[in-house]
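Visitor: Next up, coords.txt (compact mmCIF, C-alpha atoms).
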```
# COMPACT_ATOMS: atom_id res chain seq x y z
CA MET A 1 107.63 97.32 106.83
CA GLU A 2 107.15 101.06 106.38
CA GLN A 3 103.59 102.31 106.72
CA SER A 4 102.31 104.51 103.94
CA PHE A 5 99.45 106.90 104.42
CA ARG A 6 97.03 108.03 101.76
CA PRO A 7 97.54 111.48 100.32
CA MET A 8 94.77 113.96 100.98
CA ARG A 9 92.22 113.77 98.19
CA ARG A 10 91.17 117.44 98.45
CA PHE A 11 94.73 118.71 98.66
CA LYS A 12 93.73 122.31 97.87
CA GLN A 13 92.07 122.40 101.29
CA ALA A 14 95.17 121.14 103.11
CA LEU A 15 96.41 123.06 106.13
CA SER A 16 100.10 123.80 106.46
CA GLU A 17 102.12 121.98 109.10
CA GLU A 18 102.22 125.23 111.10
CA GLU A 19 98.39 125.46 111.03
CA CYS A 20 98.11 121.83 112.15
CA ILE A 21 100.50 122.45 115.02
CA SER A 22 98.60 125.58 116.03
CA LEU A 23 95.36 123.58 116.30
CA LEU A 24 97.05 120.85 118.33
CA LYS A 25 98.50 123.44 120.69
CA THR A 26 95.33 125.48 121.22
CA GLU A 27 92.34 123.16 121.08
CA LYS A 28 91.30 121.57 124.38
CA ARG A 29 89.67 118.32 123.23
CA GLY A 30 89.94 115.79 120.48
CA THR A 31 88.73 112.32 119.61
CA LEU A 32 90.93 109.27 120.09
CA ALA A 33 90.13 106.20 118.00
CA VAL A 34 91.48 102.75 118.80
CA ILE A 35 90.78 99.23 117.58
CA GLY A 36 88.31 98.06 120.20
CA ASP A 37 86.61 94.85 121.18
CA GLY A 38 85.84 92.48 118.32
CA GLY A 39 87.77 94.67 115.87
CA TYR A 40 85.20 97.46 116.12
CA PRO A 41 86.51 101.03 116.17
CA TYR A 42 86.23 102.70 119.57
CA ALA A 43 86.38 106.50 119.52
CA LEU A 44 86.08 108.77 122.52
CA PRO A 45 86.67 112.41 123.39
CA ILE A 46 89.79 113.15 125.42
CA ASN A 47 91.78 116.07 126.79
CA PHE A 48 95.32 116.16 125.44
CA TYR A 49 98.62 118.00 125.36
CA TYR A 50 100.80 118.46 122.28
CA ASP A 51 104.56 118.80 122.76
CA GLU A 52 105.81 120.65 119.70
CA GLY A 53 109.50 119.99 120.43
CA GLU A 54 108.91 116.24 120.50
CA ASN A 55 106.04 116.22 118.00
CA LYS A 56 104.10 113.95 120.35
CA LEU A 57 100.68 113.96 121.97
CA TYR A 58 100.03 113.10 125.61
CA PHE A 59 96.83 112.18 127.41
CA HIS A 60 95.85 110.42 130.60
CA CYS A 61 93.79 107.34 131.22
CA SER A 62 93.28 104.48 133.60
CA SER A 63 95.36 101.34 133.38
CA THR A 64 92.18 99.27 132.96
CA GLY A 65 89.09 99.56 130.80
CA HIS A 66 88.13 99.46 127.13
CA LYS A 67 90.55 102.19 125.97
CA ALA A 68 93.52 100.80 127.95
CA ASP A 69 92.84 97.23 126.83
CA ALA A 70 92.52 98.31 123.20
CA MET A 71 95.88 100.13 123.25
CA ARG A 72 97.51 97.18 125.00
CA ASN A 73 96.23 94.90 122.21
CA CYS A 74 97.16 97.27 119.35
CA ASP A 75 99.20 100.43 119.79
CA LYS A 76 98.02 101.99 116.51
CA VAL A 77 95.71 104.94 117.13
CA CYS A 78 94.10 107.80 115.28
CA PHE A 79 93.43 111.19 116.86
CA ALA A 80 91.27 113.98 115.44
CA VAL A 81 90.82 117.56 116.58
CA HIS A 82 88.84 120.43 115.07
CA ASP A 83 88.13 124.01 115.92
CA ALA A 84 84.67 125.51 116.49
CA GLY A 85 84.67 126.90 112.97
CA GLU A 86 83.73 130.35 111.81
CA GLN A 87 80.88 131.70 109.77
CA ARG A 88 81.79 133.75 106.73
CA GLY A 89 78.70 135.51 105.47
CA ASP A 90 76.05 132.80 105.47
CA TRP A 91 74.83 129.95 107.70
CA SER A 92 77.69 127.62 106.83
CA TYR A 93 80.96 127.21 108.71
CA TYR A 94 84.61 126.94 107.77
CA VAL A 95 86.14 124.32 110.04
CA ARG A 96 89.82 123.45 110.45
CA SER A 97 90.68 119.91 111.48
CA VAL A 98 93.76 117.78 112.05
CA ILE A 99 94.07 114.00 111.84
CA VAL A 100 97.02 112.24 113.46
CA PHE A 101 98.06 108.61 113.07
CA GLY A 102 100.55 107.17 115.50
CA ARG A 103 101.45 104.64 118.14
CA ALA A 104 100.49 104.94 121.78
CA LYS A 105 102.52 103.76 124.75
CA PRO A 106 102.41 104.41 128.48
CA LEU A 107 105.15 106.49 130.09
CA GLU A 108 107.14 104.35 132.51
CA ASP A 109 109.82 106.73 133.84
CA ALA A 110 108.40 108.50 136.92
CA ALA A 111 110.25 111.79 136.37
CA PHE A 112 109.27 111.97 132.70
CA LYS A 113 105.68 111.05 133.58
CA TYR A 114 105.57 113.91 136.10
CA GLU A 115 107.08 116.36 133.58
CA LYS A 116 104.48 115.52 130.93
CA ALA A 117 101.60 115.39 133.41
CA ARG A 118 102.53 118.85 134.66
CA ALA A 119 102.84 120.29 131.13
CA PHE A 120 99.51 118.65 130.26
CA GLY A 121 97.87 120.03 133.40
CA MET A 122 99.06 123.59 132.83
CA LYS A 123 96.94 123.61 129.68
CA TYR A 124 93.79 123.05 131.77
CA TYR A 125 94.31 124.18 135.38
CA SER A 126 93.86 127.79 136.39
CA SER A 127 96.90 127.80 138.70
CA ALA A 128 100.13 125.89 139.21
CA GLU A 129 99.26 125.47 142.90
CA GLU A 130 95.97 123.75 142.07
CA LEU A 131 97.72 121.50 139.56
CA ASP A 132 100.56 120.61 141.94
CA ALA A 133 98.04 119.60 144.63
CA GLU A 134 96.23 117.37 142.13
CA LEU A 135 99.47 115.77 140.94
CA ALA A 136 100.62 115.11 144.50
CA ARG A 137 97.29 113.44 145.28
CA ASP A 138 96.60 111.45 142.11
CA LEU A 139 99.61 111.08 139.79
CA ASP A 140 100.48 107.59 141.06
CA ARG A 141 97.02 106.36 140.00
CA VAL A 142 97.09 107.95 136.54
CA ARG A 143 98.55 106.48 133.40
CA ILE A 144 100.09 109.03 131.03
CA MET A 145 100.07 107.89 127.42
CA GLU A 146 102.29 109.17 124.63
CA ILE A 147 101.37 109.13 120.95
CA ALA A 148 104.40 109.14 118.67
CA ILE A 149 103.06 110.84 115.55
CA GLU A 150 103.73 108.94 112.33
CA HIS A 151 101.51 111.01 110.04
CA MET A 152 99.59 114.26 110.40
CA SER A 153 97.38 116.16 108.00
CA GLY A 154 94.97 119.03 108.32
CA LYS A 155 92.15 120.42 106.27
CA LEU A 156 89.92 123.48 105.97
CA VAL A 157 86.39 122.39 105.19
CA HIS A 158 83.52 124.63 104.10
CA GLU A 159 80.47 122.91 105.55
CA LYS A 160 77.52 123.80 103.37
```
Will you turn the file into structure tokens for me?
Guide:
Amino acid sequence: MEQSFRPMRRFKQALSEEECISLLKTEKRGTLAVIGDGGYPYALPINFYYDEGENKLYFHCSSTGHKADAMRNCDKVCFAVHDAGEQRGDWSYYVRSVIVFGRAKPLEDAAFKYEKARAFGMKYYSSAEELDAELARDLDRVRIMEIAIEHMSGKLVHEK
């Protein structure tokens, strides 16, 4: 059964696909939402990496815990990211945001896991040497998750 997603109600505020991709490539943190214990939403801030060529998001987590259990029980996730906004003349801000719906799965192939962990890490580490030392020490204990994007939309909001 094909999933359908609601169209954006305030379509005049929609960001282009290029603007959405730009936010996903440049912002450092977003919020991942999963279906948690008892059917309650569970949302938490995460670091992430967006691979434009694959149109997929990657993040790391443990193999145990609330987030891991939730994704094991239901792979459907929602991810949101927004910029810091900018003031344009008054106290209010113009904020760009992107919402992604998709399915999360752990990476199993060791070489692919290393490739994505390294690309992810280069977004955050100040040097390749520092990152390589971290990967050599900890990659075997880290779970790299992939979100296959099924739907993405972005919006410019004037918060006033």
Visitor: How close does each residue of range 41-151 of chain A get to range 15-32 of chain A, giving the shortest atom pair and distance in Å to one decimal for every residue with an atom at most 12 Å away, counting only C-alpha atoms, sorted by chain and residue number, as a tab-separated table?
Guide:
```
residue	atom	partner	partner_atom	distance
A:Pro41	CA	A:Leu32	CA	10.1
A:Tyr42	CA	A:Leu32	CA	8.1
A:Ala43	CA	A:Leu32	CA	5.4
A:Leu44	CA	A:Thr31	CA	5.3
A:Pro45	CA	A:Thr31	CA	4.3
A:Ile46	CA	A:Gly30	CA	5.6
A:Asn47	CA	A:Arg29	CA	4.7
A:Phe48	CA	A:Arg29	CA	6.4
A:Tyr49	CA	A:Lys25	CA	7.2
A:Tyr50	CA	A:Lys25	CA	5.7
A:Asp51	CA	A:Lys25	CA	7.9
A:Glu52	CA	A:Ile21	CA	7.3
A:Gly53	CA	A:Ile21	CA	10.8
A:Glu54	CA	A:Ile21	CA	11.8
A:Asn55	CA	A:Ile21	CA	8.9
A:Lys56	CA	A:Leu24	CA	10.1
A:Leu57	CA	A:Leu24	CA	8.6
A:Tyr58	CA	A:Leu24	CA	11.0
A:Phe59	CA	A:Leu32	CA	9.8
A:His60	CA	A:Leu32	CA	11.7
A:Cys61	CA	A:Leu32	CA	11.7
A:Lys67	CA	A:Leu32	CA	9.2
A:Ala68	CA	A:Leu32	CA	11.8
A:Ala70	CA	A:Leu32	CA	11.5
A:Met71	CA	A:Leu32	CA	10.9
A:Lys76	CA	A:Leu32	CA	10.8
A:Val77	CA	A:Leu32	CA	7.1
A:Cys78	CA	A:Leu32	CA	5.9
A:Phe79	CA	A:Leu32	CA	4.5
A:Ala80	CA	A:Thr31	CA	5.2
A:Val81	CA	A:Gly30	CA	4.4
A:His82	CA	A:Gly30	CA	7.2
A:Asp83	CA	A:Glu27	CA	6.7
A:Ala84	CA	A:Glu27	CA	9.2
A:Gly85	CA	A:Leu23	CA	11.7
A:Val95	CA	A:Leu15	CA	11.1
A:Arg96	CA	A:Leu15	CA	7.9
A:Ser97	CA	A:Leu23	CA	7.7
A:Val98	CA	A:Cys20	CA	5.9
A:Ile99	CA	A:Cys20	CA	8.8
A:Val100	CA	A:Leu32	CA	9.5
A:Phe101	CA	A:Leu32	CA	10.0
A:Gly102	CA	A:Leu32	CA	10.9
A:Arg103	CA	A:Leu32	CA	11.7
A:Ala104	CA	A:Leu32	CA	10.6
A:Ala119	CA	A:Lys25	CA	11.7
A:Phe120	CA	A:Lys28	CA	10.5
A:Gly121	CA	A:Lys28	CA	11.3
A:Met122	CA	A:Lys28	CA	11.6
A:Lys123	CA	A:Lys28	CA	8.0
A:Tyr124	CA	A:Lys28	CA	7.9
A:Tyr125	CA	A:Lys28	CA	11.7
A:Met145	CA	A:Leu32	CA	11.8
A:Ile147	CA	A:Leu32	CA	10.5
A:Ile149	CA	A:Ile21	CA	11.9
A:His151	CA	A:Glu17	CA	11.0
```
Visitor: Any idea what the distance is between CA of Ala110 in chain A and CA of Ala136 in chain A?
Guide: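 That distance, rounded to one decimal, is 12.7 Å.
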Visitor: Quick one: pull the distance between CA of Cys74 in chain A and CA of Arg6 in chain A, Å, one decimal.
Guide: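 So the two atoms, CA of Cys74 in chain A and CA of Arg6 in chain A, lie 20.6 Å apart.
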Visitor: Could you check how far CA of Val34 in chain A sits from CA of Glu146 in chain A, in Å to one decimal?
Guide: 13.9 Å
Visitor: Counting only C-alpha atoms, which of A:Ser127, A:Ala133, A:Phe11, A:Leu139 gets nearest to Glu115 in chain A?
Guide: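 Using only C-alpha atoms, the shortest distance to Glu115 in chain A belongs to A:Leu139.
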Visitor: Identify which of the residues A:Ala14, A:Leu156, A:Leu135, A:Ile144 lies closest to Lys105 in chain A, counting all atoms listed in the file when measuring atom-to-atom distances.
Guide: A:Ile144
Visitor: Give me the residues near range 157-159 of chain A as a VMD selection string, where near means some atom within 6 Å (using all atoms listed in the file) and where sequence neighbours in that chain fewer than 3 positions away do not count.
Guide: chain A and resid 92 to 95
Visitor: Can you take the partial range 47-75 of chain A, add N, CA and C atoms, and return it as a PDB file, keeping the file's coordinate frame?
Guide:
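Dumped everything to selection.pdb:
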```pdb
ATOM      1  N   ASN A  47      90.926 114.905 126.642  1.00  0.00           N
ATOM      2  CA  ASN A  47      91.780 116.070 126.790  1.00  0.00           C
ATOM      3  C   ASN A  47      93.179 115.623 126.384  1.00  0.00           C
ATOM      4  N   PHE A  48      93.996 116.542 125.909  1.00  0.00           N
ATOM      5  CA  PHE A  48      95.320 116.160 125.440  1.00  0.00           C
ATOM      6  C   PHE A  48      96.281 117.329 125.530  1.00  0.00           C
ATOM      7  N   TYR A  49      97.555 117.014 125.392  1.00  0.00           N
ATOM      8  CA  TYR A  49      98.620 118.000 125.360  1.00  0.00           C
ATOM      9  C   TYR A  49      99.540 117.654 124.194  1.00  0.00           C
ATOM     10  N   TYR A  50      99.879 118.655 123.391  1.00  0.00           N
ATOM     11  CA  TYR A  50     100.800 118.460 122.280  1.00  0.00           C
ATOM     12  C   TYR A  50     102.144 119.083 122.630  1.00  0.00           C
ATOM     13  N   ASP A  51     103.208 118.310 122.540  1.00  0.00           N
ATOM     14  CA  ASP A  51     104.560 118.800 122.760  1.00  0.00           C
ATOM     15  C   ASP A  51     105.194 119.038 121.392  1.00  0.00           C
ATOM     16  N   GLU A  52     105.315 120.302 121.024  1.00  0.00           N
ATOM     17  CA  GLU A  52     105.810 120.650 119.700  1.00  0.00           C
ATOM     18  C   GLU A  52     107.263 120.222 119.506  1.00  0.00           C
ATOM     19  N   GLY A  53     108.085 120.361 120.543  1.00  0.00           N
ATOM     20  CA  GLY A  53     109.500 119.990 120.430  1.00  0.00           C
ATOM     21  C   GLY A  53     109.692 118.516 120.135  1.00  0.00           C
ATOM     22  N   GLU A  54     108.823 117.681 120.710  1.00  0.00           N
ATOM     23  CA  GLU A  54     108.910 116.240 120.500  1.00  0.00           C
ATOM     24  C   GLU A  54     107.999 115.746 119.390  1.00  0.00           C
ATOM     25  N   ASN A  55     107.077 116.591 118.962  1.00  0.00           N
ATOM     26  CA  ASN A  55     106.040 116.220 118.000  1.00  0.00           C
ATOM     27  C   ASN A  55     105.291 114.974 118.475  1.00  0.00           C
ATOM     28  N   LYS A  56     104.837 115.056 119.748  1.00  0.00           N
ATOM     29  CA  LYS A  56     104.100 113.950 120.350  1.00  0.00           C
ATOM     30  C   LYS A  56     102.891 114.489 121.101  1.00  0.00           C
ATOM     31  N   LEU A  57     101.881 113.649 121.204  1.00  0.00           N
ATOM     32  CA  LEU A  57     100.680 113.960 121.970  1.00  0.00           C
ATOM     33  C   LEU A  57     100.709 113.176 123.271  1.00  0.00           C
ATOM     34  N   TYR A  58     100.130 113.759 124.308  1.00  0.00           N
ATOM     35  CA  TYR A  58     100.030 113.100 125.610  1.00  0.00           C
ATOM     36  C   TYR A  58      98.608 113.209 126.114  1.00  0.00           C
ATOM     37  N   PHE A  59      98.144 112.158 126.776  1.00  0.00           N
ATOM     38  CA  PHE A  59      96.830 112.180 127.410  1.00  0.00           C
ATOM     39  C   PHE A  59      96.877 111.222 128.590  1.00  0.00           C
ATOM     40  N   HIS A  60      95.867 111.293 129.427  1.00  0.00           N
ATOM     41  CA  HIS A  60      95.850 110.420 130.600  1.00  0.00           C
ATOM     42  C   HIS A  60      94.686 109.447 130.501  1.00  0.00           C
ATOM     43  N   CYS A  61      94.848 108.333 131.173  1.00  0.00           N
ATOM     44  CA  CYS A  61      93.790 107.340 131.220  1.00  0.00           C
ATOM     45  C   CYS A  61      94.037 106.403 132.393  1.00  0.00           C
ATOM     46  N   SER A  62      93.128 105.513 132.585  1.00  0.00           N
ATOM     47  CA  SER A  62      93.280 104.480 133.600  1.00  0.00           C
ATOM     48  C   SER A  62      94.137 103.355 133.027  1.00  0.00           C
ATOM     49  N   SER A  63      94.593 102.490 133.879  1.00  0.00           N
ATOM     50  CA  SER A  63      95.360 101.340 133.380  1.00  0.00           C
ATOM     51  C   SER A  63      94.447 100.166 133.043  1.00  0.00           C
ATOM     52  N   THR A  64      93.144 100.315 133.308  1.00  0.00           N
ATOM     53  CA  THR A  64      92.180  99.270 132.960  1.00  0.00           C
ATOM     54  C   THR A  64      91.015  99.904 132.206  1.00  0.00           C
ATOM     55  N   GLY A  65      90.255  99.073 131.531  1.00  0.00           N
ATOM     56  CA  GLY A  65      89.090  99.560 130.800  1.00  0.00           C
ATOM     57  C   GLY A  65      89.243  99.349 129.299  1.00  0.00           C
ATOM     58  N   HIS A  66      88.198  99.695 128.574  1.00  0.00           N
ATOM     59  CA  HIS A  66      88.130  99.460 127.130  1.00  0.00           C
ATOM     60  C   HIS A  66      89.289 100.137 126.397  1.00  0.00           C
ATOM     61  N   LYS A  67      89.498 101.438 126.657  1.00  0.00           N
ATOM     62  CA  LYS A  67      90.550 102.190 125.970  1.00  0.00           C
ATOM     63  C   LYS A  67      91.932 101.595 126.279  1.00  0.00           C
ATOM     64  N   ALA A  68      92.209 101.349 127.556  1.00  0.00           N
ATOM     65  CA  ALA A  68      93.520 100.800 127.950  1.00  0.00           C
ATOM     66  C   ALA A  68      93.734  99.420 127.349  1.00  0.00           C
ATOM     67  N   ASP A  69      92.717  98.582 127.402  1.00  0.00           N
ATOM     68  CA  ASP A  69      92.840  97.230 126.830  1.00  0.00           C
ATOM     69  C   ASP A  69      93.084  97.299 125.327  1.00  0.00           C
ATOM     70  N   ALA A  70      92.370  98.190 124.652  1.00  0.00           N
ATOM     71  CA  ALA A  70      92.520  98.310 123.200  1.00  0.00           C
ATOM     72  C   ALA A  70      93.950  98.720 122.833  1.00  0.00           C
ATOM     73  N   MET A  71      94.514  99.686 123.554  1.00  0.00           N
ATOM     74  CA  MET A  71      95.880 100.130 123.250  1.00  0.00           C
ATOM     75  C   MET A  71      96.911  99.084 123.630  1.00  0.00           C
ATOM     76  N   ARG A  72      96.615  98.275 124.629  1.00  0.00           N
ATOM     77  CA  ARG A  72      97.510  97.180 125.000  1.00  0.00           C
ATOM     78  C   ARG A  72      97.516  96.120 123.895  1.00  0.00           C
ATOM     79  N   ASN A  73      96.357  95.900 123.274  1.00  0.00           N
ATOM     80  CA  ASN A  73      96.230  94.900 122.210  1.00  0.00           C
ATOM     81  C   ASN A  73      96.791  95.388 120.871  1.00  0.00           C
ATOM     82  N   CYS A  74      96.655  96.684 120.607  1.00  0.00           N
ATOM     83  CA  CYS A  74      97.160  97.270 119.350  1.00  0.00           C
ATOM     84  C   CYS A  74      97.507  98.723 119.633  1.00  0.00           C
ATOM     85  N   ASP A  75      98.768  99.076 119.457  1.00  0.00           N
ATOM     86  CA  ASP A  75      99.200 100.430 119.790  1.00  0.00           C
ATOM     87  C   ASP A  75      98.893 101.466 118.713  1.00  0.00           C
TER      88      ASP A  75
END
```
